[in-house]
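S.K.: Just dropping this structure here.
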Amino acid sequence: MTVTDFTERLRKARRRVSDPRPPSKSSSRWLNLATVVVALVFALVIVHLVAVLRDRTVPALVLARDVGATQPFTEADLVAVDLVPDHDVRFIRAADRAAVIGRAPVVGLQKGTLLAAASLIPEGVPGTGFQVVGLRVEAGNRPSQPLWPHARVCVSPLPQPLPCDSLPSAGNAFVARVAGVGSPDSDGTVVVDVIVDSEHIGPALAAASGSVIISLRGA
């Protein structure tokens, strides 16, 4: 063997090492199949996660437009949105839409507000035996903290306020539940709507024509 032949064989051997043979057709098929299987598994996982999240959501009622205080809800006021339940968030489910139509909020609600039972005037009020009476209350004649719907209050007419525990013959003080609170006017006076039973309708109507003091009572 000449030096030239040896050099040529060495060059061919190096070429075979640096240029490996392309994979066989069988290897390519297995590689393609594995890729398809991985993609299919990934897609199934995504579909499963979407299904799980969808099962956790609950249709809830949201306001489609602004609704004023004591303005009854109509069908057009309400829309349903999917909501993931949270123990700290109270809301009315879309399945209860029929029970909400015709009821009214205790305060004005804005578009997009999640509707909750606490924001509605109690059902049946002012039903048989009850009445809602509006009382004008000056800034110094009510608690500094805001009054809230369903709060139990003592209403006492001025100029001689008396505790609600006094005898009926001693005055016209009475206990009521708050239905709603209006916005303060220029001097800080607000109208507080209170729910009274048949026994206290007379004193409540008399108090509505004058000034009163409202204080919070125990539940």
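Here, A, B, ... name the chains of the structure tokens in the order displayed, residue numbers run from 1 inside each chain, and ligands are numbered from 1 in the same displayed order.
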Could you name the residues that touch Ser144 (chain A) at 12 Å or less, counting only C-alpha atoms, but leaving out those on the same chain fewer than 3 positions away, as a PyMOL selection string?

M.R.: chain A and resi 138-141+147+188+214-216

S.K.: Residues of region 78-168 of chain A classed as helix (DSSP H, G or I) by DSSP on the backbone are to be reported as an mmCIF file with N, CA, C and O atoms, in the first residue's frame.

M.R.:
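Below is the file that was written, result.cif:
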data_model
loop_
_atom_site.group_PDB
_atom_site.id
_atom_site.type_symbol
_atom_site.label_atom_id
_atom_site.label_comp_id
_atom_site.auth_asym_id
_atom_site.auth_seq_id
_atom_site.Cartn_x
_atom_site.Cartn_y
_atom_site.Cartn_z
ATOM 1 N N ALA A 94 -77.961 32.872 39.687
ATOM 2 C CA ALA A 94 -78.823 33.188 38.545
ATOM 3 C C ALA A 94 -80.099 32.349 38.561
ATOM 4 O O ALA A 94 -81.126 32.774 38.034
ATOM 5 N N ALA A 95 -80.049 31.171 39.174
ATOM 6 C CA ALA A 95 -81.232 30.318 39.259
ATOM 7 C C ALA A 95 -82.342 30.958 40.087
ATOM 8 O O ALA A 95 -83.511 30.585 39.961
ATOM 9 N N ASP A 96 -81.991 31.945 40.921
ATOM 10 C CA ASP A 96 -82.983 32.620 41.765
ATOM 11 C C ASP A 96 -83.463 33.934 41.152
ATOM 12 O O ASP A 96 -84.023 34.777 41.844
ATOM 13 N N ARG A 97 -83.236 34.122 39.855
ATOM 14 C CA ARG A 97 -83.608 35.370 39.187
ATOM 15 C C ARG A 97 -85.095 35.687 39.383
ATOM 16 O O ARG A 97 -85.466 36.830 39.667
ATOM 17 N N ALA A 98 -85.958 34.696 39.233
ATOM 18 C CA ALA A 98 -87.399 34.942 39.326
ATOM 19 C C ALA A 98 -87.791 35.494 40.690
ATOM 20 O O ALA A 98 -88.722 36.301 40.796
ATOM 21 N N ALA A 99 -87.086 35.074 41.741
ATOM 22 C CA ALA A 99 -87.410 35.547 43.090
ATOM 23 C C ALA A 99 -86.931 36.979 43.315
ATOM 24 O O ALA A 99 -87.386 37.639 44.256
ATOM 25 N N VAL A 100 -86.006 37.462 42.476
ATOM 26 C CA VAL A 100 -85.454 38.812 42.632
ATOM 27 C C VAL A 100 -86.293 39.838 41.880
ATOM 28 O O VAL A 100 -86.429 40.984 42.329
ATOM 29 N N ALA A 117 -78.107 39.144 48.838
ATOM 30 C CA ALA A 117 -79.377 39.232 49.553
ATOM 31 C C ALA A 117 -79.393 40.413 50.512
ATOM 32 O O ALA A 117 -80.438 41.036 50.728
ATOM 33 N N ALA A 118 -78.235 40.754 51.087
ATOM 34 C CA ALA A 118 -78.169 41.843 52.059
ATOM 35 C C ALA A 118 -78.464 43.203 51.436
ATOM 36 O O ALA A 118 -78.773 44.157 52.146
ATOM 37 N N SER A 119 -78.364 43.310 50.103
ATOM 38 C CA SER A 119 -78.596 44.595 49.445
ATOM 39 C C SER A 119 -80.062 44.791 49.062
ATOM 40 O O SER A 119 -80.414 45.829 48.505
ATOM 41 N N ALA A 139 -77.630 65.555 61.513
ATOM 42 C CA ALA A 139 -76.313 64.946 61.715
ATOM 43 C C ALA A 139 -76.033 64.650 63.187
ATOM 44 O O ALA A 139 -75.458 63.634 63.533
ATOM 45 N N GLY A 140 -76.431 65.525 64.086
ATOM 46 C CA GLY A 140 -76.146 65.308 65.503
ATOM 47 C C GLY A 140 -77.133 64.419 66.214
ATOM 48 O O GLY A 140 -76.979 64.159 67.416
ATOM 49 N N ASN A 141 -78.139 63.919 65.479
ATOM 50 C CA ASN A 141 -79.179 63.114 66.111
ATOM 51 C C ASN A 141 -79.141 61.650 65.688
ATOM 52 O O ASN A 141 -80.150 60.943 65.769
ATOM 53 N N PRO A 168 -95.283 53.113 77.583
ATOM 54 C CA PRO A 168 -95.974 53.785 76.475
ATOM 55 C C PRO A 168 -96.544 55.139 76.866
ATOM 56 O O PRO A 168 -96.576 56.060 76.041
#

S.K.: Give me, please, the distance in Å between CA of Leu120 (chain A) and CA of Ala104 (chain A), quoted to one decimal.

M.R.: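 Spanning CA of Leu120 (chain A) to CA of Ala104 (chain A) is a straight-line distance of 5.7 Å.
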
S.K.: Might you pull out every residue within 10 Å of Ile101 (chain A), with only C-alpha atoms counted and same-chain residues fewer than 5 positions away left off, and present them as a CSV table (one decimal) with N, CA, C and O atoms, in the first residue's frame?

M.R.:
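Final output, part_26.csv:
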chain,number,residue,atom,x,y,z
A,72,PRO,N,-87.9,48.8,42.0
A,72,PRO,CA,-88.0,47.3,41.7
A,72,PRO,C,-87.1,46.9,40.6
A,72,PRO,O,-87.1,47.5,39.5
A,73,PHE,N,-86.5,45.7,40.7
A,73,PHE,CA,-85.8,45.1,39.6
A,73,PHE,C,-86.7,44.6,38.5
A,73,PHE,O,-87.7,44.0,38.8
A,74,THR,N,-86.2,44.8,37.3
A,74,THR,CA,-86.9,44.2,36.1
A,74,THR,C,-86.0,43.2,35.5
A,74,THR,O,-84.8,43.1,35.8
A,75,GLU,N,-86.5,42.4,34.5
A,75,GLU,CA,-85.7,41.4,33.8
A,75,GLU,C,-84.5,42.0,33.2
A,75,GLU,O,-83.4,41.5,33.2
A,76,ALA,N,-84.6,43.2,32.6
A,76,ALA,CA,-83.5,43.9,31.9
A,76,ALA,C,-82.4,44.4,32.8
A,76,ALA,O,-81.3,44.7,32.4
A,77,ASP,N,-82.7,44.5,34.1
A,77,ASP,CA,-81.7,45.0,35.1
A,77,ASP,C,-80.7,43.9,35.4
A,77,ASP,O,-79.6,44.3,36.0
A,78,LEU,N,-80.9,42.7,35.1
A,78,LEU,CA,-80.1,41.6,35.6
A,78,LEU,C,-79.5,40.8,34.5
A,78,LEU,O,-80.1,40.5,33.5
A,96,ASP,N,-82.0,31.9,40.9
A,96,ASP,CA,-83.0,32.6,41.8
A,96,ASP,C,-83.5,33.9,41.2
A,96,ASP,O,-84.0,34.8,41.8

S.K.: Pick from A:Ile121, A:Val212, A:Leu135, A:Val45: nearest to Gln71 (chain A), with only C-alpha atoms counted?

M.R.: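 Checking each of A:Ile121, A:Val212, A:Leu135, A:Val45 against Gln71 (chain A), counting only C-alpha atoms, the winner is A:Ile121.
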
S.K.: I need the residues of region 142-189 of chain A that end up classed as strand (DSSP E) by DSSP on the backbone, written out as a PDB file with N, CA and C atoms, in the first residue's frame.

M.R.:
ATOM      1  N   ARG A 152     -81.144  47.372  64.029  1.00  0.00           N
ATOM      2  CA  ARG A 152     -82.238  47.604  64.980  1.00  0.00           C
ATOM      3  C   ARG A 152     -81.959  48.918  65.694  1.00  0.00           C
ATOM      4  N   VAL A 153     -82.913  49.853  65.626  1.00  0.00           N
ATOM      5  CA  VAL A 153     -82.698  51.195  66.161  1.00  0.00           C
ATOM      6  C   VAL A 153     -83.838  51.595  67.089  1.00  0.00           C
ATOM      7  N   CYS A 154     -83.520  52.554  67.961  1.00  0.00           N
ATOM      8  CA  CYS A 154     -84.522  53.197  68.802  1.00  0.00           C
ATOM      9  C   CYS A 154     -84.789  54.582  68.225  1.00  0.00           C
ATOM     10  N   VAL A 155     -86.047  54.892  67.973  1.00  0.00           N
ATOM     11  CA  VAL A 155     -86.436  56.194  67.422  1.00  0.00           C
ATOM     12  C   VAL A 155     -87.190  56.954  68.506  1.00  0.00           C
ATOM     13  N   SER A 156     -86.705  58.151  68.827  1.00  0.00           N
ATOM     14  CA  SER A 156     -87.332  58.944  69.878  1.00  0.00           C
ATOM     15  C   SER A 156     -87.580  60.361  69.371  1.00  0.00           C
ATOM     16  N   PRO A 157     -88.824  60.832  69.413  1.00  0.00           N
ATOM     17  CA  PRO A 157     -89.139  62.195  68.944  1.00  0.00           C
ATOM     18  C   PRO A 157     -88.525  63.253  69.859  1.00  0.00           C
ATOM     19  N   PHE A 174     -89.999  54.332  69.988  1.00  0.00           N
ATOM     20  CA  PHE A 174     -90.314  52.985  69.504  1.00  0.00           C
ATOM     21  C   PHE A 174     -89.080  52.355  68.853  1.00  0.00           C
ATOM     22  N   VAL A 175     -89.079  51.046  68.756  1.00  0.00           N
ATOM     23  CA  VAL A 175     -87.997  50.282  68.133  1.00  0.00           C
ATOM     24  C   VAL A 175     -88.394  49.939  66.707  1.00  0.00           C
ATOM     25  N   ALA A 176     -87.431  50.049  65.781  1.00  0.00           N
ATOM     26  CA  ALA A 176     -87.702  49.754  64.372  1.00  0.00           C
ATOM     27  C   ALA A 176     -86.456  49.138  63.734  1.00  0.00           C
ATOM     28  N   ARG A 177     -86.624  48.697  62.509  1.00  0.00           N
ATOM     29  CA  ARG A 177     -85.510  48.177  61.703  1.00  0.00           C
ATOM     30  C   ARG A 177     -85.251  49.129  60.548  1.00  0.00           C
ATOM     31  N   VAL A 178     -83.985  49.339  60.237  1.00  0.00           N
ATOM     32  CA  VAL A 178     -83.615  50.233  59.138  1.00  0.00           C
ATOM     33  C   VAL A 178     -83.848  49.524  57.803  1.00  0.00           C
ATOM     34  N   ALA A 179     -84.562  50.185  56.896  1.00  0.00           N
ATOM     35  CA  ALA A 179     -84.771  49.660  55.545  1.00  0.00           C
ATOM     36  C   ALA A 179     -83.783  50.270  54.555  1.00  0.00           C
ATOM     37  N   GLY A 180     -83.389  51.518  54.792  1.00  0.00           N
ATOM     38  CA  GLY A 180     -82.452  52.193  53.894  1.00  0.00           C
ATOM     39  C   GLY A 180     -82.117  53.574  54.410  1.00  0.00           C
ATOM     40  N   VAL A 181     -81.019  54.122  53.898  1.00  0.00           N
ATOM     41  CA  VAL A 181     -80.545  55.440  54.319  1.00  0.00           C
ATOM     42  C   VAL A 181     -80.258  56.267  53.071  1.00  0.00           C
TER      43      VAL A 181
END

S.K.: Please list as a PyMOL selection string every residue within 7 Å of Val84 (chain A), counting only C-alpha atoms and excluding residues in the same chain fewer than 4 positions away.

M.R.: chain A and resi 56-58

S.K.: Can I get the selected residues back with all heavy atoms, as a short mmCIF file (atom, residue, chain, number, x, y, z; two decimals), in the first residue's frame?

M.R.:
data_model
loop_
_atom_site.label_atom_id
_atom_site.label_comp_id
_atom_site.auth_asym_id
_atom_site.auth_seq_id
_atom_site.Cartn_x
_atom_site.Cartn_y
_atom_site.Cartn_z
N ARG A 56 -66.52 24.26 38.51
CA ARG A 56 -66.44 24.98 39.77
C ARG A 56 -67.17 26.31 39.73
O ARG A 56 -67.46 26.89 40.78
CB ARG A 56 -64.96 25.22 40.14
CG ARG A 56 -64.19 23.98 40.51
CD ARG A 56 -62.79 24.34 40.94
NE ARG A 56 -62.80 25.28 42.06
CZ ARG A 56 -61.73 25.96 42.47
NH1 ARG A 56 -60.58 25.83 41.84
NH2 ARG A 56 -61.84 26.78 43.50
N THR A 57 -67.47 26.82 38.57
CA THR A 57 -68.11 28.13 38.48
C THR A 57 -69.63 28.00 38.68
O THR A 57 -70.22 26.96 38.41
CB THR A 57 -67.84 28.80 37.12
OG1 THR A 57 -68.34 27.96 36.07
CG2 THR A 57 -66.35 29.02 36.93
N VAL A 58 -70.22 29.09 39.17
CA VAL A 58 -71.65 29.13 39.42
C VAL A 58 -72.20 30.42 38.78
O VAL A 58 -71.64 31.49 38.98
CB VAL A 58 -71.95 29.15 40.93
CG1 VAL A 58 -73.44 29.34 41.17
CG2 VAL A 58 -71.47 27.87 41.57
#

S.K.: Go ahead and compute the interatomic distance for CA of Asp165 (chain A) and CA of Val132 (chain A), in Å to one decimal.

M.R.: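 We find that CA of Asp165 (chain A) and CA of Val132 (chain A) lie 21.9 Å from each other.
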
S.K.: Enter the distance from CA of Thr113 (chain A) to CA of Pro146 (chain A), in Å, rounded to one decimal.

M.R.: 20.5 Å
